[in-house]
Amino acid sequence: MTALAATRPKTVAAASFIEKRPLERYIAPAKPSLVGFSRAALAQVLAAVGVPERQQRMRAQQIWQGLYVRGAQSFAELTTLSKDLRAALAERWTLARPEIAAEQISVDGTRKWLLRLPGEFGGPPHEVECVYIPDTDRGTLCLSSQVGCTLNCSFCHTGTQRLVRNLTAGEIVGQVMLARDRLGDFSVVAFGDKRLISNIVMMGMGEPLYNFEAVRDGLDIVADGDGLSISKRRITLSTSGVVPNIGRAGAEIGAMLAVSLHAVTDELRDELVPLNRKYPLRDLLDACRNYPGLSNARRITFEYVMLRGVNDSPADARALVRLLKGIPAKINLIPFNPWPGSQYECSDWKQIEKFSEIVFNAGYASPVRTPRGRDILAACGQLKSATEKLSARERLALRAMALTD
Ligand code: SAH
Ligand code: SF4
């Protein structure tokens, strides 16, 4: 048991996370990491280092468990493998997580990690953010799916950053791994205690349905019952409305769905969520109605950001109720989180209450999401890393250099 594990707090109380521990040293993955590999891909890795075919499945399972159940950070910790095999693997691979460039801890216990990921063709590193939000009854980890976002929702900070790239499945799983490392959450087995990270939301940077395969494959590993074991019922994927991929998400990913609605007319939604011009409200709501597995026990969450004087009138609330008629739904009202240069203001508290009451009286659960981590710009829509897209010329130059290396 490590010293970190021994000091692990026993409950999910916000106050217990305010103490700051020194960052572990993460080594940038000069060699590729096995984090995010499926069992089949691990078997191929084993074949490549000469493990006979009849042993590959068993050895792959030993790596899987060491990595995802015990949180091994180096091959030396995989003691169920022979010394020679560990050495052979370590020559070519690592078990590295994304590198943590900075950690901030909010007064409310929310933690934000700035992660440094390898750049394209050995170019400047890319950065994304990942946020942990402790609560009394749960701990939620908010994952990023892309560096930046191609969509330019007018109220979202991430949208002001040009897309740099999609994350890989390994980088998605890696966020869960590093959060468990930092919180001492892998040691929970030793304590027989509740895990600190109980829920996952794909609500960080990026549009997850525009990085479909990596999100699907990454979440399959996160949900694997013999590994990280965070069930799909506790994973929520939020989309701004990529209609063609909504049904596919239900069939192939099977997580809970959240839809960023934010407006009840196409006119306003075109402005707030420009993707609406491509997939208008009617198409979006049809896709929601047909979402596989939808029932009263498995509702879609509709997110609605409260913008003062823009979408927050009682008439908007009534129109919202009419719009969602017949769809098993929850409505999540999100107070707008400002960011430097944003053009909107958050609705007054009274206005939010009035809105919430109308929605509640129509029979919908309508929790208002308490903003968390605002002081460290970790709340919804405040994430933005410094990474900007390389110009076409810079990319070509880097690629040419990589090819001639
Ligand atoms: N791209 C996906 C998921 C990431 S955004 C999506 O748009 O759904 C996660 C949630 O935060 C979305 O509901 C988004 O609309 C909301 N959001 C974005 N900017 C915000 C802000 N400044 N204040 C409050 N919520 C915001
Ligand atoms: Fe992208 Fe979601 Fe932000 Fe819109 S709200 S810009 S889809 S991250």
# chains A, B, ... in the order shown; residues from 1 in each chain; ligands from 1
call {"tool": "residues_near_ligand", "arguments": {"ligand": "ligand 2", "cutoff": "9 Å", "atoms": "only C-alpha atoms and all ligand atoms", "output": "ChimeraX atom specification"}}
result
/A:144,146,148-161,203-208,238-241,260,272-275,380-383
call {"tool": "residues_around", "arguments": {"residues": "Phe186 (chain A)", "least_positions_apart": "6", "cutoff": "8 Å", "atoms": "only C-alpha atoms", "output": "list of chain:residue names"}}
result
A:Val69, A:Arg70, A:Gly71, A:Arg180
call {"tool": "write_last_selection", "arguments": {"atoms": "N, CA and C atoms", "output": "short mmCIF file (atom, residue, chain, number, x, y, z; two decimals), in the first residue's frame"}}
result
data_model
loop_
_atom_site.label_atom_id
_atom_site.label_comp_id
_atom_site.auth_asym_id
_atom_site.auth_seq_id
_atom_site.Cartn_x
_atom_site.Cartn_y
_atom_site.Cartn_z
N VAL A 69 -7.63 -2.66 -12.75
CA VAL A 69 -8.16 -2.92 -11.41
C VAL A 69 -7.21 -2.34 -10.35
N ARG A 70 -5.91 -2.61 -10.51
CA ARG A 70 -4.97 -2.15 -9.48
C ARG A 70 -4.30 -0.83 -9.82
N GLY A 71 -4.44 -0.38 -11.06
CA GLY A 71 -3.89 0.92 -11.43
C GLY A 71 -2.38 0.93 -11.58
N ARG A 180 -8.01 8.67 -10.95
CA ARG A 180 -7.95 7.66 -9.89
C ARG A 180 -6.58 7.66 -9.21
#
call {"tool": "closest_residue", "arguments": {"among": "A:Ala179, A:Leu228, A:Cys142, A:Ile352", "to": "ligand 1", "atoms": "only C-alpha atoms and all ligand atoms"}}
result
A:Cys142
call {"tool": "select_by_dssp", "arguments": {"residues": "region 37-153 of chain A", "states": "strand (DSSP E or B)", "output": "ChimeraX atom specification"}}
result
/A:94,99-105,111-117,126-134,139-142,146-147
call {"tool": "residues_around", "arguments": {"residues": "region 63-65 of chain A", "least_positions_apart": "3", "cutoff": "9 Å", "atoms": "only C-alpha atoms", "output": "PyMOL selection string"}}
result
chain A and resi 37-39+42+58-60+68-72+75+78+80-81+226-227
call {"tool": "write_last_selection", "arguments": {"atoms": "N, CA and C atoms", "output": "PDB file, in the first residue's frame"}}
result
ATOM      1  N   PHE A  37      -5.887   0.146 -24.558  1.00  0.00           N
ATOM      2  CA  PHE A  37      -5.867  -1.020 -25.451  1.00  0.00           C
ATOM      3  C   PHE A  37      -6.946  -2.013 -25.030  1.00  0.00           C
ATOM      4  N   SER A  38      -7.629  -2.574 -26.010  1.00  0.00           N
ATOM      5  CA  SER A  38      -8.599  -3.639 -25.719  1.00  0.00           C
ATOM      6  C   SER A  38      -7.823  -4.918 -25.388  1.00  0.00           C
ATOM      7  N   ARG A  39      -8.536  -5.932 -24.905  1.00  0.00           N
ATOM      8  CA  ARG A  39      -7.864  -7.214 -24.626  1.00  0.00           C
ATOM      9  C   ARG A  39      -7.251  -7.785 -25.896  1.00  0.00           C
ATOM     10  N   LEU A  42      -4.101  -6.035 -26.688  1.00  0.00           N
ATOM     11  CA  LEU A  42      -3.031  -6.455 -25.767  1.00  0.00           C
ATOM     12  C   LEU A  42      -2.466  -7.804 -26.203  1.00  0.00           C
ATOM     13  N   MET A  58      -4.491 -15.267 -21.574  1.00  0.00           N
ATOM     14  CA  MET A  58      -4.306 -15.208 -20.117  1.00  0.00           C
ATOM     15  C   MET A  58      -3.383 -14.033 -19.731  1.00  0.00           C
ATOM     16  N   ARG A  59      -2.292 -13.873 -20.489  1.00  0.00           N
ATOM     17  CA  ARG A  59      -1.350 -12.772 -20.178  1.00  0.00           C
ATOM     18  C   ARG A  59      -2.029 -11.404 -20.400  1.00  0.00           C
ATOM     19  N   ALA A  60      -2.833 -11.337 -21.473  1.00  0.00           N
ATOM     20  CA  ALA A  60      -3.534 -10.067 -21.738  1.00  0.00           C
ATOM     21  C   ALA A  60      -4.441  -9.733 -20.558  1.00  0.00           C
ATOM     22  N   TYR A  68      -6.135  -1.896 -14.999  1.00  0.00           N
ATOM     23  CA  TYR A  68      -7.435  -1.268 -14.764  1.00  0.00           C
ATOM     24  C   TYR A  68      -8.031  -1.558 -13.387  1.00  0.00           C
ATOM     25  N   VAL A  69      -7.627  -2.662 -12.750  1.00  0.00           N
ATOM     26  CA  VAL A  69      -8.156  -2.921 -11.408  1.00  0.00           C
ATOM     27  C   VAL A  69      -7.210  -2.340 -10.351  1.00  0.00           C
ATOM     28  N   ARG A  70      -5.906  -2.609 -10.511  1.00  0.00           N
ATOM     29  CA  ARG A  70      -4.971  -2.154  -9.481  1.00  0.00           C
ATOM     30  C   ARG A  70      -4.304  -0.828  -9.820  1.00  0.00           C
ATOM     31  N   GLY A  71      -4.442  -0.385 -11.060  1.00  0.00           N
ATOM     32  CA  GLY A  71      -3.886   0.922 -11.429  1.00  0.00           C
ATOM     33  C   GLY A  71      -2.381   0.928 -11.576  1.00  0.00           C
ATOM     34  N   ALA A  72      -1.801  -0.188 -12.023  1.00  0.00           N
ATOM     35  CA  ALA A  72      -0.341  -0.258 -12.177  1.00  0.00           C
ATOM     36  C   ALA A  72       0.147   0.887 -13.062  1.00  0.00           C
ATOM     37  N   PHE A  75       5.486  -1.552 -15.583  1.00  0.00           N
ATOM     38  CA  PHE A  75       5.452  -3.007 -15.781  1.00  0.00           C
ATOM     39  C   PHE A  75       5.995  -3.737 -14.549  1.00  0.00           C
ATOM     40  N   LEU A  78       3.499  -5.363 -12.456  1.00  0.00           N
ATOM     41  CA  LEU A  78       2.713  -6.490 -12.971  1.00  0.00           C
ATOM     42  C   LEU A  78       3.408  -7.802 -12.591  1.00  0.00           C
ATOM     43  N   THR A  80       2.443 -10.638 -11.804  1.00  0.00           N
ATOM     44  CA  THR A  80       1.950 -11.942 -12.278  1.00  0.00           C
ATOM     45  C   THR A  80       2.641 -12.328 -13.592  1.00  0.00           C
ATOM     46  N   LEU A  81       3.355 -11.386 -14.218  1.00  0.00           N
ATOM     47  CA  LEU A  81       4.107 -11.700 -15.441  1.00  0.00           C
ATOM     48  C   LEU A  81       5.559 -12.011 -15.067  1.00  0.00           C
ATOM     49  N   ASP A 226     -14.745  -5.939 -15.238  1.00  0.00           N
ATOM     50  CA  ASP A 226     -13.563  -6.574 -14.687  1.00  0.00           C
ATOM     51  C   ASP A 226     -12.381  -5.602 -14.720  1.00  0.00           C
ATOM     52  N   GLY A 227     -12.699  -4.300 -14.796  1.00  0.00           N
ATOM     53  CA  GLY A 227     -11.630  -3.309 -14.893  1.00  0.00           C
ATOM     54  C   GLY A 227     -12.007  -2.070 -14.095  1.00  0.00           C
TER      55      GLY A 227
END
call {"tool": "residues_around", "arguments": {"residues": "Val131 (chain A)", "least_positions_apart": "5", "cutoff": "9 Å", "atoms": "only C-alpha atoms", "output": "number ranges by chain"}}
result
A: 110-114, 140-144, 179, 204, 373, 378-379
call {"tool": "write_last_selection", "arguments": {"atoms": "C-alpha atoms", "output": "mmCIF file, in the first residue's frame"}}
result
data_model
loop_
_atom_site.group_PDB
_atom_site.id
_atom_site.type_symbol
_atom_site.label_atom_id
_atom_site.label_comp_id
_atom_site.auth_asym_id
_atom_site.auth_seq_id
_atom_site.Cartn_x
_atom_site.Cartn_y
_atom_site.Cartn_z
ATOM 1 C CA THR A 110 -13.492 20.703 -7.394
ATOM 2 C CA ARG A 111 -10.210 19.760 -9.039
ATOM 3 C CA LYS A 112 -9.158 20.697 -12.521
ATOM 4 C CA TRP A 113 -6.254 19.081 -14.292
ATOM 5 C CA LEU A 114 -4.602 20.605 -17.310
ATOM 6 C CA THR A 140 -18.264 12.998 -10.882
ATOM 7 C CA LEU A 141 -15.437 13.093 -13.351
ATOM 8 C CA CYS A 142 -15.927 15.310 -16.392
ATOM 9 C CA LEU A 143 -13.938 14.110 -19.407
ATOM 10 C CA SER A 144 -12.865 15.880 -22.569
ATOM 11 C CA ALA A 179 -7.895 10.971 -11.778
ATOM 12 C CA GLY A 204 -15.582 18.594 -20.929
ATOM 13 C CA GLY A 373 -15.260 25.248 -9.509
ATOM 14 C CA ALA A 378 -13.658 24.592 -14.171
ATOM 15 C CA ALA A 379 -17.431 24.994 -14.468
#
call {"tool": "closest_atom_pairs", "arguments": {"of": "region 152-236 of chain A", "to": "region 100-107 of chain A", "cutoff": "10 Å", "atoms": "only C-alpha atoms", "output": "CSV"}}
result
residue,atom,partner,partner_atom,distance
A:Gln175,CA,A:Ile100,CA,9.8
A:Leu178,CA,A:Ile100,CA,8.3
A:Arg182,CA,A:Glu103,CA,9.9
call {"tool": "residues_around", "arguments": {"residues": "Asp283 (chain A)", "least_positions_apart": "3", "cutoff": "12 Å", "atoms": "only C-alpha atoms", "output": "list of chain:residue names"}}
result
A:Gly241, A:Val242, A:Val243, A:Pro244, A:Ile246, A:Gly247, A:Asp266, A:Leu275, A:Asn276, A:Arg277, A:Lys278, A:Tyr279, A:Pro280, A:Asp286, A:Ala287, A:Cys288, A:Arg289, A:Asn290
call {"tool": "closest_residue", "arguments": {"among": "A:Gly363, A:Ser145, A:Ile221, A:Ser356", "to": "ligand 1", "atoms": "only C-alpha atoms and all ligand atoms"}}
result
A:Ser145
call {"tool": "closest_residue", "arguments": {"among": "A:Lys350, A:Arg269, A:His262, A:Lys325", "to": "ligand 1", "atoms": "only C-alpha atoms and all ligand atoms"}}
result
A:His262
call {"tool": "atom_distance", "arguments": {"atom1": "CA of Arg92 (chain A)", "atom2": "CA of Ala43 (chain A)"}}
result
14.7 Å
call {"tool": "closest_residue", "arguments": {"among": "A:Ala251, A:Val176, A:Ala169, A:Met306", "to": "ligand 1", "atoms": "only C-alpha atoms and all ligand atoms"}}
result
A:Met306
call {"tool": "closest_residue", "arguments": {"among": "A:Leu324, A:Val368, A:Met202, A:Ala223", "to": "ligand 1", "atoms": "only C-alpha atoms and all ligand atoms"}}
result
A:Met202
call {"tool": "atom_distance", "arguments": {"atom1": "CA of Arg216 (chain A)", "atom2": "CA of Ala47 (chain A)"}}
result
25.5 Å
